[in-house]
Structures are given as C-alpha cells and as structure tokens.
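A.B. asks: mmCIF, C-alpha atoms, file structure-v9.cif:
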```cif
data_final
loop_
_atom_site.label_atom_id
_atom_site.label_comp_id
_atom_site.auth_asym_id
_atom_site.auth_seq_id
_atom_site.Cartn_x
_atom_site.Cartn_y
_atom_site.Cartn_z
CA MET A 1 0.00 0.00 0.00
CA TYR A 2 1.29 3.47 -0.88
CA ASP A 3 1.32 5.86 2.04
CA PHE A 4 -1.17 8.70 2.35
CA GLN A 5 -2.19 11.45 4.72
CA TYR A 6 -4.88 10.20 7.10
CA HIS A 7 -7.62 12.44 8.52
CA ARG A 8 -10.35 11.65 11.01
CA PRO A 9 -12.88 14.51 11.07
CA THR A 10 -15.70 14.66 13.61
CA SER A 11 -18.22 16.59 11.51
CA LEU A 12 -19.50 16.52 7.93
CA ASP A 13 -18.34 20.09 7.25
CA GLU A 14 -14.85 19.25 8.43
CA ALA A 15 -14.83 16.11 6.26
CA SER A 16 -15.89 18.07 3.15
CA ARG A 17 -13.21 20.69 3.78
CA MET A 18 -10.52 18.05 4.23
CA LEU A 19 -11.49 16.35 1.01
CA SER A 20 -11.62 19.52 -1.10
CA GLY A 21 -8.31 20.73 0.37
CA ALA A 22 -6.48 17.60 -0.71
CA GLU A 23 -4.84 16.77 -4.01
CA GLU A 24 -6.54 13.43 -4.64
CA ALA A 25 -8.49 12.27 -1.64
CA SER A 26 -10.68 9.31 -0.88
CA PHE A 27 -13.25 8.84 1.84
CA ILE A 28 -13.05 5.65 3.86
CA ALA A 29 -16.21 4.30 5.53
CA GLY A 30 -15.75 0.70 6.72
CA GLY A 31 -12.91 0.17 4.27
CA GLN A 32 -13.71 -3.44 3.44
CA THR A 33 -13.34 -2.77 -0.29
CA LEU A 34 -11.10 0.30 -0.26
CA LEU A 35 -8.33 -1.20 1.86
CA GLN A 36 -7.98 -4.24 -0.39
CA THR A 37 -7.91 -1.90 -3.40
CA LEU A 38 -5.15 0.17 -1.79
CA ARG A 39 -3.18 -2.90 -0.79
CA GLN A 40 -3.17 -4.10 -4.37
CA ARG A 41 -1.98 -0.62 -5.37
CA LEU A 42 -4.98 -0.22 -7.65
CA ALA A 43 -5.46 3.29 -6.24
CA GLN A 44 -3.12 5.87 -4.80
CA PRO A 45 -4.99 8.62 -2.96
CA SER A 46 -2.89 11.43 -1.49
CA ASP A 47 -5.29 11.66 1.46
CA VAL A 48 -7.74 9.29 3.14
CA VAL A 49 -10.57 10.93 5.07
CA ASP A 50 -12.08 8.53 7.61
CA LEU A 51 -15.83 9.02 8.17
CA GLY A 52 -15.79 6.75 11.24
CA GLY A 53 -15.57 9.59 13.75
CA ILE A 54 -18.69 11.46 12.61
CA ALA A 55 -21.47 10.69 15.09
CA GLU A 56 -24.31 12.07 12.94
CA LEU A 57 -23.71 9.34 10.33
CA ARG A 58 -24.67 6.60 12.79
CA GLY A 59 -28.04 5.30 13.90
CA ILE A 60 -31.09 3.50 12.56
CA SER A 61 -34.61 4.74 13.23
CA ARG A 62 -38.22 4.36 12.19
CA GLU A 63 -39.62 7.71 11.07
CA GLY A 64 -43.30 7.39 10.16
CA ASP A 65 -43.58 5.33 6.99
CA ASN A 66 -39.83 5.17 6.52
CA VAL A 67 -36.80 3.47 8.00
CA VAL A 68 -33.78 5.77 8.03
CA ILE A 69 -30.34 4.19 8.18
CA GLY A 70 -27.26 6.30 8.89
CA ALA A 71 -24.54 5.96 6.26
CA MET A 72 -21.96 4.56 8.71
CA SER A 73 -24.30 1.81 9.97
CA ARG A 74 -22.48 -1.51 9.80
CA HIS A 75 -24.13 -4.37 7.92
CA ASN A 76 -24.52 -6.30 11.16
CA GLU A 77 -26.23 -3.33 12.81
CA VAL A 78 -28.79 -3.27 10.00
CA ALA A 79 -29.20 -7.05 10.09
CA GLY A 80 -29.75 -6.95 13.86
CA SER A 81 -31.93 -3.83 14.06
CA ALA A 82 -35.40 -4.37 15.50
CA ASP A 83 -36.67 -1.38 13.49
CA VAL A 84 -35.43 -2.93 10.25
CA ALA A 85 -36.60 -6.45 11.10
CA GLY A 86 -40.04 -5.18 12.07
CA ALA A 87 -40.60 -2.97 9.04
CA ILE A 88 -38.52 -4.43 6.19
CA PRO A 89 -37.33 -7.95 7.08
CA ALA A 90 -36.04 -8.40 3.51
CA LEU A 91 -33.53 -5.63 4.17
CA ALA A 92 -32.33 -7.34 7.35
CA THR A 93 -31.91 -10.55 5.34
CA LEU A 94 -29.94 -8.69 2.69
CA ALA A 95 -27.59 -7.04 5.20
CA GLY A 96 -27.09 -10.31 7.08
CA GLY A 97 -25.97 -12.04 3.89
CA ILE A 98 -23.25 -9.60 2.82
CA GLY A 99 -19.70 -11.00 2.81
CA ASP A 100 -18.89 -12.76 6.08
CA ALA A 101 -19.40 -11.95 9.75
CA GLN A 102 -16.17 -9.95 10.10
CA VAL A 103 -16.87 -7.94 6.95
CA ARG A 104 -20.40 -7.23 8.22
CA ASN A 105 -18.93 -5.87 11.46
CA MET A 106 -16.92 -3.22 9.56
CA GLY A 107 -18.63 -2.65 6.22
CA THR A 108 -21.24 0.10 5.98
CA ILE A 109 -24.31 0.83 3.87
CA GLY A 110 -22.89 4.20 2.79
CA GLY A 111 -19.59 2.69 1.72
CA SER A 112 -21.29 -0.10 -0.19
CA ILE A 113 -23.58 2.13 -2.23
CA ALA A 114 -20.92 4.79 -2.87
CA ASN A 115 -18.73 2.02 -4.32
CA ASN A 116 -21.60 0.59 -6.43
CA ASP A 117 -19.94 -2.75 -7.07
CA PRO A 118 -21.95 -4.48 -9.83
CA ALA A 119 -22.36 -7.57 -7.61
CA ALA A 120 -23.02 -5.86 -4.26
CA ASP A 121 -26.29 -6.48 -2.41
CA TYR A 122 -27.27 -3.00 -1.22
CA PRO A 123 -27.76 -1.46 -4.70
CA ALA A 124 -30.56 -4.00 -5.28
CA GLY A 125 -31.93 -3.21 -1.83
CA LEU A 126 -32.14 0.52 -2.50
CA LEU A 127 -33.45 0.26 -6.05
CA GLY A 128 -35.88 -2.56 -5.27
CA LEU A 129 -37.34 -0.76 -2.27
CA GLY A 130 -37.41 2.68 -3.91
CA ALA A 131 -35.11 4.23 -1.32
CA THR A 132 -33.73 7.76 -1.28
CA VAL A 133 -30.07 8.62 -0.66
CA VAL A 134 -29.69 11.66 1.58
CA THR A 135 -26.35 13.47 1.19
CA ASN A 136 -24.86 16.53 2.84
CA ASN A 137 -26.53 18.75 0.25
CA ARG A 138 -29.42 16.97 -1.48
CA GLU A 139 -31.66 13.92 -1.79
CA ILE A 140 -31.12 11.45 -4.64
CA PRO A 141 -33.74 8.77 -5.53
CA ALA A 142 -32.18 5.32 -5.96
CA ASP A 143 -33.42 5.36 -9.58
CA ASP A 144 -30.96 8.21 -10.28
CA PHE A 145 -28.19 7.22 -7.86
CA PHE A 146 -26.68 4.10 -9.45
CA VAL A 147 -25.26 5.31 -12.77
CA ASP A 148 -22.95 2.58 -14.05
CA MET A 149 -20.32 0.06 -12.90
CA PHE A 150 -18.61 1.60 -9.83
CA GLU A 151 -20.22 4.93 -10.73
CA THR A 152 -22.88 6.88 -8.81
CA ALA A 153 -24.53 10.29 -9.02
CA LEU A 154 -22.38 11.54 -6.11
CA GLU A 155 -20.38 14.69 -6.86
CA PRO A 156 -16.75 14.95 -5.70
CA GLY A 157 -16.74 15.73 -1.99
CA GLU A 158 -20.42 14.85 -1.56
CA ILE A 159 -21.04 12.67 1.49
CA ILE A 160 -23.93 10.26 2.07
CA ARG A 161 -25.64 11.00 5.39
CA SER A 162 -28.31 8.32 5.37
CA VAL A 163 -30.60 6.18 3.28
CA ARG A 164 -34.37 6.48 3.66
CA PHE A 165 -36.39 3.35 2.87
CA PRO A 166 -40.19 3.57 2.50
CA VAL A 167 -41.78 0.66 4.38
CA PRO A 168 -43.33 -1.65 1.76
CA GLN A 169 -46.38 -3.88 2.17
CA ARG A 170 -44.09 -6.77 1.39
CA ALA A 171 -40.62 -7.39 0.08
CA GLY A 172 -38.24 -10.27 -0.49
CA TYR A 173 -34.53 -10.50 -1.25
CA VAL A 174 -32.82 -13.62 -2.53
CA LYS A 175 -29.33 -13.94 -3.88
CA PHE A 176 -27.55 -16.71 -5.66
CA ASP A 177 -24.08 -16.12 -4.35
CA GLN A 178 -20.66 -16.97 -5.65
CA PRO A 179 -19.60 -19.24 -2.78
CA ALA A 180 -16.01 -18.00 -2.37
CA SER A 181 -16.65 -14.26 -2.41
CA ARG A 182 -20.31 -14.37 -1.38
CA TYR A 183 -20.96 -11.58 -3.86
CA ALA A 184 -24.14 -12.01 -5.88
CA LEU A 185 -23.98 -13.89 -9.15
CA VAL A 186 -27.56 -12.69 -9.26
CA GLY A 187 -29.51 -11.05 -6.44
CA VAL A 188 -33.09 -9.80 -6.71
CA MET A 189 -35.08 -7.50 -4.46
CA VAL A 190 -38.82 -7.52 -5.08
CA SER A 191 -41.18 -5.19 -3.24
CA GLN A 192 -44.78 -4.08 -3.34
CA GLY A 193 -45.78 -0.84 -1.68
CA ALA A 194 -47.25 2.62 -2.14
CA GLY A 195 -45.07 3.14 -5.22
CA GLY A 196 -46.21 -0.10 -6.84
CA VAL A 197 -44.12 -3.17 -7.54
CA ARG A 198 -40.36 -2.92 -7.96
CA VAL A 199 -37.95 -5.61 -9.15
CA ALA A 200 -34.23 -4.79 -8.94
CA VAL A 201 -31.41 -7.07 -10.05
CA THR A 202 -27.78 -6.96 -8.93
CA GLY A 203 -24.86 -9.11 -10.07
CA ALA A 204 -26.22 -9.74 -13.55
CA GLY A 205 -25.29 -6.52 -15.32
CA PRO A 206 -22.67 -3.74 -15.14
CA SER A 207 -24.89 -1.97 -12.58
CA VAL A 208 -28.12 -2.73 -10.75
CA PHE A 209 -31.24 -2.51 -12.96
CA ARG A 210 -35.02 -2.87 -12.80
CA VAL A 211 -37.10 -5.31 -14.83
CA SER A 212 -40.24 -3.44 -15.84
CA GLU A 213 -41.88 -6.43 -17.53
CA MET A 214 -41.76 -8.34 -14.23
CA GLU A 215 -42.99 -5.30 -12.32
CA ASP A 216 -46.03 -5.01 -14.62
CA ALA A 217 -46.81 -8.71 -14.34
CA LEU A 218 -46.48 -8.70 -10.54
CA GLY A 219 -48.64 -5.58 -10.36
CA ARG A 220 -51.46 -7.61 -11.90
CA ASP A 221 -50.76 -10.81 -9.97
CA PHE A 222 -48.15 -10.89 -7.18
CA SER A 223 -47.12 -14.52 -7.55
CA ALA A 224 -44.06 -16.44 -8.72
CA ASP A 225 -46.11 -17.94 -11.55
CA ALA A 226 -46.83 -14.49 -12.95
CA ILE A 227 -43.16 -14.00 -13.91
CA ALA A 228 -42.21 -17.61 -14.66
CA GLY A 229 -42.31 -17.01 -18.42
CA ILE A 230 -40.45 -13.70 -18.45
CA ARG A 231 -36.90 -13.97 -19.79
CA ILE A 232 -34.54 -11.03 -19.84
CA PRO A 233 -32.15 -10.63 -22.77
CA SER A 234 -28.56 -11.69 -22.08
CA ASP A 235 -27.06 -8.88 -24.20
CA GLY A 236 -24.72 -6.78 -22.09
CA LEU A 237 -24.89 -8.96 -19.00
CA ASN A 238 -21.73 -9.84 -17.05
CA ALA A 239 -19.47 -12.66 -18.19
CA ASP A 240 -16.75 -14.15 -15.99
CA ILE A 241 -15.42 -17.53 -14.89
CA HIS A 242 -18.41 -17.93 -12.58
CA GLY A 243 -21.12 -17.61 -15.20
CA SER A 244 -21.98 -16.61 -18.76
CA PRO A 245 -24.47 -13.85 -19.66
CA GLU A 246 -26.97 -16.54 -20.68
CA TYR A 247 -26.60 -18.27 -17.30
CA ARG A 248 -27.11 -15.02 -15.45
CA ALA A 249 -30.17 -14.15 -17.58
CA HIS A 250 -31.66 -17.53 -16.70
CA LEU A 251 -30.88 -16.99 -13.02
CA VAL A 252 -32.71 -13.64 -12.99
CA THR A 253 -36.04 -15.34 -13.65
CA VAL A 254 -35.35 -18.15 -11.16
CA ILE A 255 -34.15 -15.86 -8.37
CA ALA A 256 -36.88 -13.26 -8.98
CA GLN A 257 -39.48 -16.01 -8.48
CA ARG A 258 -37.79 -17.06 -5.23
CA ALA A 259 -37.75 -13.42 -4.11
CA VAL A 260 -41.51 -13.17 -4.77
CA ASN A 261 -42.07 -16.31 -2.70
CA ALA A 262 -39.85 -14.91 0.08
CA ALA A 263 -41.95 -11.72 0.06
CA LEU A 264 -45.18 -13.73 0.27
CA GLN A 265 -43.85 -15.86 3.13
CA ALA A 266 -42.57 -12.90 5.13
CA HIS A 267 -45.85 -10.96 5.01
CA MET B 268 0.97 9.81 13.17
CA LYS B 269 0.15 8.73 16.69
CA VAL B 270 -2.49 6.09 17.36
CA SER B 271 -3.82 5.21 20.79
CA MET B 272 -6.19 2.45 21.78
CA THR B 273 -6.79 -0.06 24.55
CA VAL B 274 -5.34 -3.45 23.70
CA ASN B 275 -6.17 -6.39 25.94
CA GLY B 276 -7.19 -4.01 28.71
CA LYS B 277 -4.03 -1.89 28.62
CA ALA B 278 -3.50 1.53 27.06
CA ALA B 279 -1.23 1.32 24.02
CA SER B 280 0.02 3.97 21.65
CA ALA B 281 2.65 4.28 18.95
CA ASP B 282 3.86 6.48 16.12
CA VAL B 283 2.93 4.75 12.88
CA GLU B 284 2.70 5.51 9.18
CA PRO B 285 -0.91 6.32 8.21
CA ARG B 286 -1.03 3.23 5.99
CA THR B 287 -0.34 0.92 8.95
CA LEU B 288 -2.93 -1.84 9.23
CA LEU B 289 -4.30 -2.83 12.61
CA VAL B 290 -2.66 -6.25 12.26
CA GLU B 291 0.72 -4.64 11.57
CA TYR B 292 0.29 -2.38 14.57
CA LEU B 293 -0.51 -5.34 16.81
CA ARG B 294 2.25 -7.62 15.51
CA ASP B 295 5.07 -5.22 14.66
CA HIS B 296 4.59 -2.46 17.20
CA LEU B 297 3.07 -4.29 20.16
CA GLU B 298 4.69 -7.67 19.40
CA LEU B 299 1.36 -9.45 19.80
CA THR B 300 2.12 -12.11 17.21
CA GLY B 301 -0.72 -14.43 18.19
CA THR B 302 -2.81 -12.60 15.57
CA HIS B 303 -1.76 -14.32 12.36
CA VAL B 304 -1.52 -13.05 8.81
CA GLY B 305 -2.68 -15.77 6.45
CA CYS B 306 -3.93 -14.69 3.03
CA ASP B 307 -3.18 -10.98 3.38
CA THR B 308 -6.20 -10.28 1.18
CA GLY B 309 -9.08 -10.17 3.65
CA GLN B 310 -10.36 -13.64 2.95
CA CYS B 311 -8.97 -16.14 5.45
CA GLY B 312 -9.80 -14.61 8.85
CA ALA B 313 -6.57 -15.75 10.56
CA CYS B 314 -6.08 -12.13 11.69
CA THR B 315 -9.49 -11.86 13.41
CA VAL B 316 -9.50 -9.71 16.56
CA HIS B 317 -12.26 -7.98 18.49
CA LEU B 318 -12.73 -4.27 17.84
CA ASP B 319 -15.07 -2.81 20.46
CA GLY B 320 -16.32 -6.32 21.11
CA ARG B 321 -16.98 -7.40 17.52
CA ALA B 322 -14.89 -9.71 15.35
CA VAL B 323 -13.08 -7.93 12.50
CA LYS B 324 -10.23 -8.82 10.17
CA ALA B 325 -7.24 -6.86 11.44
CA CYS B 326 -5.72 -6.95 7.93
CA SER B 327 -8.72 -5.01 6.62
CA VAL B 328 -8.74 -2.21 9.20
CA LEU B 329 -6.33 0.72 9.43
CA ALA B 330 -4.70 1.24 12.80
CA GLY B 331 -6.11 4.78 12.59
CA GLN B 332 -9.65 3.42 12.29
CA ALA B 333 -9.19 1.78 15.70
CA GLU B 334 -8.21 5.06 17.38
CA GLY B 335 -9.69 5.13 20.89
CA ALA B 336 -11.17 1.64 20.52
CA GLU B 337 -11.00 -1.45 22.73
CA VAL B 338 -9.10 -4.20 20.95
CA THR B 339 -8.87 -7.78 22.17
CA THR B 340 -6.45 -10.26 20.62
CA ILE B 341 -6.02 -13.97 21.26
CA GLU B 342 -3.43 -13.05 23.92
CA GLY B 343 -6.05 -11.10 25.86
CA LEU B 344 -8.90 -13.55 25.61
CA ALA B 345 -8.12 -15.37 28.86
CA ASN B 346 -8.05 -12.00 30.58
CA GLY B 347 -4.56 -12.35 32.04
CA SER B 348 -5.47 -15.60 33.73
CA GLU B 349 -3.28 -18.71 33.47
CA GLU B 350 -6.38 -20.69 32.52
CA LEU B 351 -7.53 -20.87 28.95
CA HIS B 352 -10.71 -19.10 27.89
CA PRO B 353 -13.53 -21.70 27.59
CA MET B 354 -13.41 -21.44 23.79
CA GLN B 355 -9.66 -22.04 23.75
CA ALA B 356 -10.12 -24.99 26.09
CA ALA B 357 -12.81 -26.42 23.82
CA PHE B 358 -10.57 -26.16 20.76
CA ARG B 359 -7.92 -28.12 22.70
CA GLU B 360 -10.34 -30.72 24.01
CA TYR B 361 -12.08 -31.33 20.68
CA HIS B 362 -8.90 -30.99 18.65
CA GLY B 363 -10.37 -28.11 16.65
CA LEU B 364 -7.08 -27.62 14.84
CA GLN B 365 -4.58 -29.45 12.74
CA CYS B 366 -1.63 -27.17 11.89
CA GLY B 367 -3.07 -24.46 14.15
CA PHE B 368 -2.35 -21.48 11.93
CA CYS B 369 -6.02 -20.46 11.55
CA THR B 370 -6.82 -21.17 15.22
CA PRO B 371 -6.41 -17.69 16.76
CA GLY B 372 -8.80 -16.27 14.16
CA MET B 373 -11.20 -19.18 14.53
CA VAL B 374 -11.32 -18.76 18.31
CA MET B 375 -11.84 -15.00 18.13
CA ALA B 376 -14.59 -15.39 15.51
CA ALA B 377 -16.19 -18.16 17.58
CA VAL B 378 -16.33 -16.05 20.74
CA ASP B 379 -18.16 -13.29 18.83
CA LEU B 380 -20.44 -15.91 17.26
CA VAL B 381 -21.50 -17.18 20.69
CA LYS B 382 -22.44 -13.65 21.74
CA THR B 383 -24.45 -12.90 18.60
CA HIS B 384 -25.93 -16.36 18.02
CA PRO B 385 -26.46 -18.06 21.38
CA GLY B 386 -27.42 -21.71 21.00
CA ALA B 387 -26.28 -21.75 17.37
CA SER B 388 -26.89 -24.89 15.31
CA ASP B 389 -24.10 -26.58 13.34
CA GLU B 390 -25.46 -24.89 10.23
CA THR B 391 -25.40 -21.43 11.81
CA ILE B 392 -21.87 -22.01 13.13
CA ARG B 393 -20.71 -22.93 9.63
CA GLU B 394 -22.42 -19.87 8.15
CA GLN B 395 -20.99 -17.53 10.75
CA LEU B 396 -17.48 -18.94 10.24
CA GLU B 397 -17.60 -18.33 6.48
CA GLY B 398 -14.96 -15.64 6.94
CA ASN B 399 -12.45 -18.08 8.46
CA ILE B 400 -10.62 -20.56 6.28
CA CYS B 401 -8.85 -23.69 7.58
CA ARG B 402 -6.58 -24.94 4.80
CA CYS B 403 -6.15 -28.23 6.62
CA THR B 404 -9.94 -28.43 6.15
CA GLY B 405 -10.43 -29.44 9.77
CA TYR B 406 -13.91 -27.99 9.92
CA GLU B 407 -15.68 -30.96 11.52
CA ASN B 408 -13.75 -30.65 14.76
CA ILE B 409 -13.81 -26.86 14.64
CA VAL B 410 -17.62 -26.93 14.59
CA ARG B 411 -17.61 -29.45 17.48
CA ALA B 412 -15.21 -27.25 19.42
CA VAL B 413 -17.30 -24.12 18.85
CA LYS B 414 -20.45 -25.93 20.06
CA ALA B 415 -18.66 -27.17 23.17
CA GLY B 416 -17.05 -23.79 23.77
CA ALA B 417 -20.43 -22.10 23.43
CA ALA B 418 -21.93 -24.48 25.99
CA SER B 419 -19.17 -23.84 28.52
CA MET B 420 -19.39 -20.09 27.95
CA GLY B 421 -23.05 -20.41 28.96
CA GLY B 422 -24.13 -18.14 26.15
CA GLN B 423 -21.87 -15.34 27.42
#
```
Translate the structure of the given file into structure tokens.
C.D. replies:
Amino acid sequence: MYDFQYHRPTSLDEASRMLSGAEEASFIAGGQTLLQTLRQRLAQPSDVVDLGGIAELRGISREGDNVVIGAMSRHNEVAGSADVAGAIPALATLAGGIGDAQVRNMGTIGGSIANNDPAADYPAGLLGLGATVVTNNREIPADDFFVDMFETALEPGEIIRSVRFPVPQRAGYVKFDQPASRYALVGVMVSQGAGGVRVAVTGAGPSVFRVSEMEDALGRDFSADAIAGIRIPSDGLNADIHGSPEYRAHLVTVIAQRAVNAALQAH
Amino acid sequence: MKVSMTVNGKAASADVEPRTLLVEYLRDHLELTGTHVGCDTGQCGACTVHLDGRAVKACSVLAGQAEGAEVTTIEGLANGSEELHPMQAAFREYHGLQCGFCTPGMVMAAVDLVKTHPGASDETIREQLEGNICRCTGYENIVRAVKAGAASMGGQ
C-alpha cells in the first residue's frame, strides 16, 4: 500500500473541507473494499478521510412510513436492528448475507452504495425498495443514484448522510451467491408498496437494474407464476469464470421467483 | 501519526505511518504475534480480533480506524489468567485444529459468534465462520469445538 495522509474529522463540514483541500483524496467508511484496493496498489490517494468519527452518520430509526439508516451503519447493525426487522425484514436478510461476519462488522451501507460494485447487495436493496439517498446537500432517488459500474450520481466531496427506505407492504430479497466471495452472481429484491411493484437485479449486469416487464406482471398478480415465463435478454450482462451472460439471464427469472415467494412468506 | 487504543485491557500507543494496518500495529509495534496473517487479502480470517467487542479482520482495518477503541487479541482472551478461555479450552479438548495457523482467528470469531448467536446450530456455526478458512480443512472438529465452547461459555 502506498502511504497517504490520514484524517479523522468529527463533523461533515470538516470532512468536506478536508477532502476539497487535498490533491486526490478518498473517503473511507468501513474500508472493506477500499483497503484491499489500496493494498493491491490499484489506487493511490494522497489523502484518506475517515468518516468513522462522525457521530451524525450513525443510527437507525423508524420515522413514520420510513426506516432511516445512517450511512456509517455496519451491515450487522442493519441485520440486527429491531426497526429494520419489524418494518422491512427483507432488508435485514440482505444485510445479514453480505460478505462474512467480520466484513459485516466493519462494512457500511454508505460505503457499499458509494462504491456501487456491480455484484453488491445494497444497490438492489435501495433500487428494489425505492429508497432515497440523503447526502450533505441533497436527496437522490435510488433510480438516479446508481449510474454505471462503480459509478454513482455523487459529486466529488459529496457525502452520504443516510438512506431512507419507505416501508413496503411486502418485500423479499434472494441472492444466488458466488460461494467463495459471497458476492451475488444474481440477487433480486422484489417489493410491493405505495409506489407499486419494484424488481431490482444486482450481479447480472454492469450496474443494478429494474425489470419493468416483471414489475407489470407482478402488479397484476403478485405470484411467482406471474413471472415464470419472463426472460430477460442476455445482451450486455456480465461474463466471468463464474457464469456466462446466458446463465445469469436464466438466473434472474429463477431468483426473482424465489424473491416473490420470500416476500409472500414474510408478510 | 500517533495512534492510541486499549489493547487487551491496557492503554497502548505508537507512532505509525498512516497506511499501517491494525494487524501490523498489533504484531510489529506491540509484538502481539498471536494474531496471524494468512492470506493478506481479507479472505482467510486468521487475523481476526475484536474491535469494540466485535470480530473484525485486522488486515482489513487501518490502525487509525481503531483510534480510541478497545481491541482484544487472542493473547487477551483469557483476561490475564493462566487458565484458557472456555473457547480455547474447547478447541484443545475437541482438537479443533490441525496445523493451528487459523486457530487464533477461529477462536476470536467463535467467541463473537456465541455472543451474537447463542445456542447456534451446526449450520449457523458454519455460516458464521464463512470468513475463516482452515486450509487443513479441519472444519468438523472446529464446529464441534465451537459448540462445546459455546456451551461452557453459557451463552456469554
């Protein structure tokens, strides 16, 4: 790992100032992706600004029809939160299935979504539940947040404060994981709520995406059978040693059906 | 830069480069070499320690991120006593090791597992130990040891 200047601000304003005052700075949240990237010398920031000392980024609460999760909430905190389990059990399932226990004790929701790994779980959680990302200067709907592989709508220096999830009537998350990394080969979040039905897929493409044909079918009939015949095109899907685009396209239909069944069982 | 934290109940501080990992701080600066470095890529869990009571991979945490925290390593698990911690004793009794390299990380992960999943089934133990790799593949006895250790810890 190349050396860098390390900063540990205690407020958002201080963090923003430190980042803009540096030559090429990077925020670190839990660091479970960033530190491995730095150790492989795939990045060389001049400065690393640690968000771990900012109290206002912590905490999970139920606020009316929403669950609000602070950006520095660890995956295990989300998985173990009574507020999350009571309102959106699918989200607790998702958080409890990320990486392994040690990674879940450090990794954060803010870090995960800012990184936007194409096979990460949280992007499907946010997009499939119609969440809103709250930053230090604006609110960004999940539909606009995830732009492309490892790319989000965040501006340089912009910091995620929290994520606001509307409580759905029902939701289910199922992933088919790659057993060594436990990243999603395909993961699907399905929800039904005030905003209608949402189906979001991670792992299959360069970035998380929705499947409108499945959403329409589930809007008419919320059952696994309703989407059994819907195939998504394999064009542009991810190809690696773990699976071909055609395999991933096939998995989307299979896993989406399981997610629908999970939603029906949970509610 | 200076980092200060509580390690195994004692205040510890040192001047380190900002890029220093928690595992390097523990091993190279505090000479606590019971925390092992296995894969060096965040996968194997041999370097597992407790950071404010929760199991983390010390190769995937900067020393600076642990500023002000309570850190427990395998050396501190028995709390200064001559007797082994119940989980350590269970690993010895059930032979939950072959070469022993992964053992410190396995024990530290297992102690956290007992706290978060009291009364865990074999299946849950295996799931919760996904972040710890035994290249001798001695998992059968490790799971037995964790179950026995959990019972003697009384869910604590």
A.B. asks: Which residues, named as in the file, does the PyMOL selection byres ((chain B) within 12 of (chain A)) pick out? Answer as JSON, numbers by chain.
C.D. replies: {"B": [268, 269, 270, 283, 284, 285, 286, 287, 288, 289, 306, 307, 308, 309, 310, 311, 312, 313, 314, 315, 316, 317, 318, 319, 320, 321, 322, 323, 324, 325, 326, 327, 328, 329, 330, 331, 332, 333, 334, 335, 336, 372, 373, 375, 376, 377, 379, 380, 383, 384, 391, 392, 393, 394, 395, 396, 397, 398, 399, 400]}
A.B. asks: When you look at A:Thr93 with a cut-off of 12 Å (counting all atoms listed in the file), what residues show up, excluding the ones that are within fewer than 5 positions of it in the same chain? I need them as a PyMOL selection string.
C.D. replies: chain A and resi 75-81+84-86+88+98+121-122+125+171-175+189+259+262-263+266
A.B. asks: Take the PyMOL selection byres ((chain A and resi 260) around 12), apply it to the structure above, and return the hits as a PDB file with C-alpha atoms, in the frame of the given file.
C.D. replies:
```pdb
ATOM      1  CA  ALA A  90     -36.040  -8.400   3.510  1.00  0.00           C
ATOM      2  CA  ARG A 170     -44.090  -6.770   1.390  1.00  0.00           C
ATOM      3  CA  ALA A 171     -40.620  -7.390   0.080  1.00  0.00           C
ATOM      4  CA  GLY A 172     -38.240 -10.270  -0.490  1.00  0.00           C
ATOM      5  CA  TYR A 173     -34.530 -10.500  -1.250  1.00  0.00           C
ATOM      6  CA  VAL A 174     -32.820 -13.620  -2.530  1.00  0.00           C
ATOM      7  CA  VAL A 188     -33.090  -9.800  -6.710  1.00  0.00           C
ATOM      8  CA  MET A 189     -35.080  -7.500  -4.460  1.00  0.00           C
ATOM      9  CA  VAL A 190     -38.820  -7.520  -5.080  1.00  0.00           C
ATOM     10  CA  SER A 191     -41.180  -5.190  -3.240  1.00  0.00           C
ATOM     11  CA  GLN A 192     -44.780  -4.080  -3.340  1.00  0.00           C
ATOM     12  CA  VAL A 197     -44.120  -3.170  -7.540  1.00  0.00           C
ATOM     13  CA  ARG A 198     -40.360  -2.920  -7.960  1.00  0.00           C
ATOM     14  CA  VAL A 199     -37.950  -5.610  -9.150  1.00  0.00           C
ATOM     15  CA  ALA A 200     -34.230  -4.790  -8.940  1.00  0.00           C
ATOM     16  CA  MET A 214     -41.760  -8.340 -14.230  1.00  0.00           C
ATOM     17  CA  GLU A 215     -42.990  -5.300 -12.320  1.00  0.00           C
ATOM     18  CA  ALA A 217     -46.810  -8.710 -14.340  1.00  0.00           C
ATOM     19  CA  LEU A 218     -46.480  -8.700 -10.540  1.00  0.00           C
ATOM     20  CA  GLY A 219     -48.640  -5.580 -10.360  1.00  0.00           C
ATOM     21  CA  ASP A 221     -50.760 -10.810  -9.970  1.00  0.00           C
ATOM     22  CA  PHE A 222     -48.150 -10.890  -7.180  1.00  0.00           C
ATOM     23  CA  SER A 223     -47.120 -14.520  -7.550  1.00  0.00           C
ATOM     24  CA  ALA A 224     -44.060 -16.440  -8.720  1.00  0.00           C
ATOM     25  CA  ASP A 225     -46.110 -17.940 -11.550  1.00  0.00           C
ATOM     26  CA  ALA A 226     -46.830 -14.490 -12.950  1.00  0.00           C
ATOM     27  CA  ILE A 227     -43.160 -14.000 -13.910  1.00  0.00           C
ATOM     28  CA  ALA A 228     -42.210 -17.610 -14.660  1.00  0.00           C
ATOM     29  CA  THR A 253     -36.040 -15.340 -13.650  1.00  0.00           C
ATOM     30  CA  VAL A 254     -35.350 -18.150 -11.160  1.00  0.00           C
ATOM     31  CA  ILE A 255     -34.150 -15.860  -8.370  1.00  0.00           C
ATOM     32  CA  ALA A 256     -36.880 -13.260  -8.980  1.00  0.00           C
ATOM     33  CA  GLN A 257     -39.480 -16.010  -8.480  1.00  0.00           C
ATOM     34  CA  ARG A 258     -37.790 -17.060  -5.230  1.00  0.00           C
ATOM     35  CA  ALA A 259     -37.750 -13.420  -4.110  1.00  0.00           C
ATOM     36  CA  ASN A 261     -42.070 -16.310  -2.700  1.00  0.00           C
ATOM     37  CA  ALA A 262     -39.850 -14.910   0.080  1.00  0.00           C
ATOM     38  CA  ALA A 263     -41.950 -11.720   0.060  1.00  0.00           C
ATOM     39  CA  LEU A 264     -45.180 -13.730   0.270  1.00  0.00           C
ATOM     40  CA  GLN A 265     -43.850 -15.860   3.130  1.00  0.00           C
ATOM     41  CA  ALA A 266     -42.570 -12.900   5.130  1.00  0.00           C
ATOM     42  CA  HIS A 267     -45.850 -10.960   5.010  1.00  0.00           C
TER      43      HIS A 267
END
```
A.B. asks: Apply the PyMOL selection byres ((chain A and resi 18) around 12) to the structure shown and report the selected residues as a PyMOL selection string.
C.D. replies: chain A and resi 5-17+19-27+46-51+157-158
A.B. asks: As an MDAnalysis selection string, please: the residues near B:Gly416 (cut-off 10 Å, only C-alpha atoms, same-chain neighbours under 6 positions excluded).
C.D. replies: chainID B and resid 352:358 360:361 374 377:378 381 410 422
A.B. asks: Calculate how many Å separate atom CA of A:Tyr183 from atom CA of A:Pro118, rounding to one decimal.
C.D. replies: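 Going from atom CA of A:Tyr183 over to atom CA of A:Pro118 covers 9.3 Å.
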A.B. asks: To one decimal in Å, tell me the separation between atom CA of A:Arg62 and atom CA of A:Ala87.
C.D. replies: 8.3 Å
A.B. asks: Mind pulling up the distance from atom CA of B:His362 to atom CA of B:Cys401?
C.D. replies: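 Computing it gives 13.3 Å between the two atoms.
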A.B. asks: May I ask which of the residues A:Leu57, A:Gly96, A:Asn66, A:Ala120 is the closest one to A:Asn136, counting all atoms listed in the file?
C.D. replies: A:Leu57
A.B. asks: Between B:Ala387, B:Gly343, B:Ala415, B:Thr302, which has the minimum distance to B:Cys369 (counting all atoms listed in the file)?
C.D. replies: B:Thr302
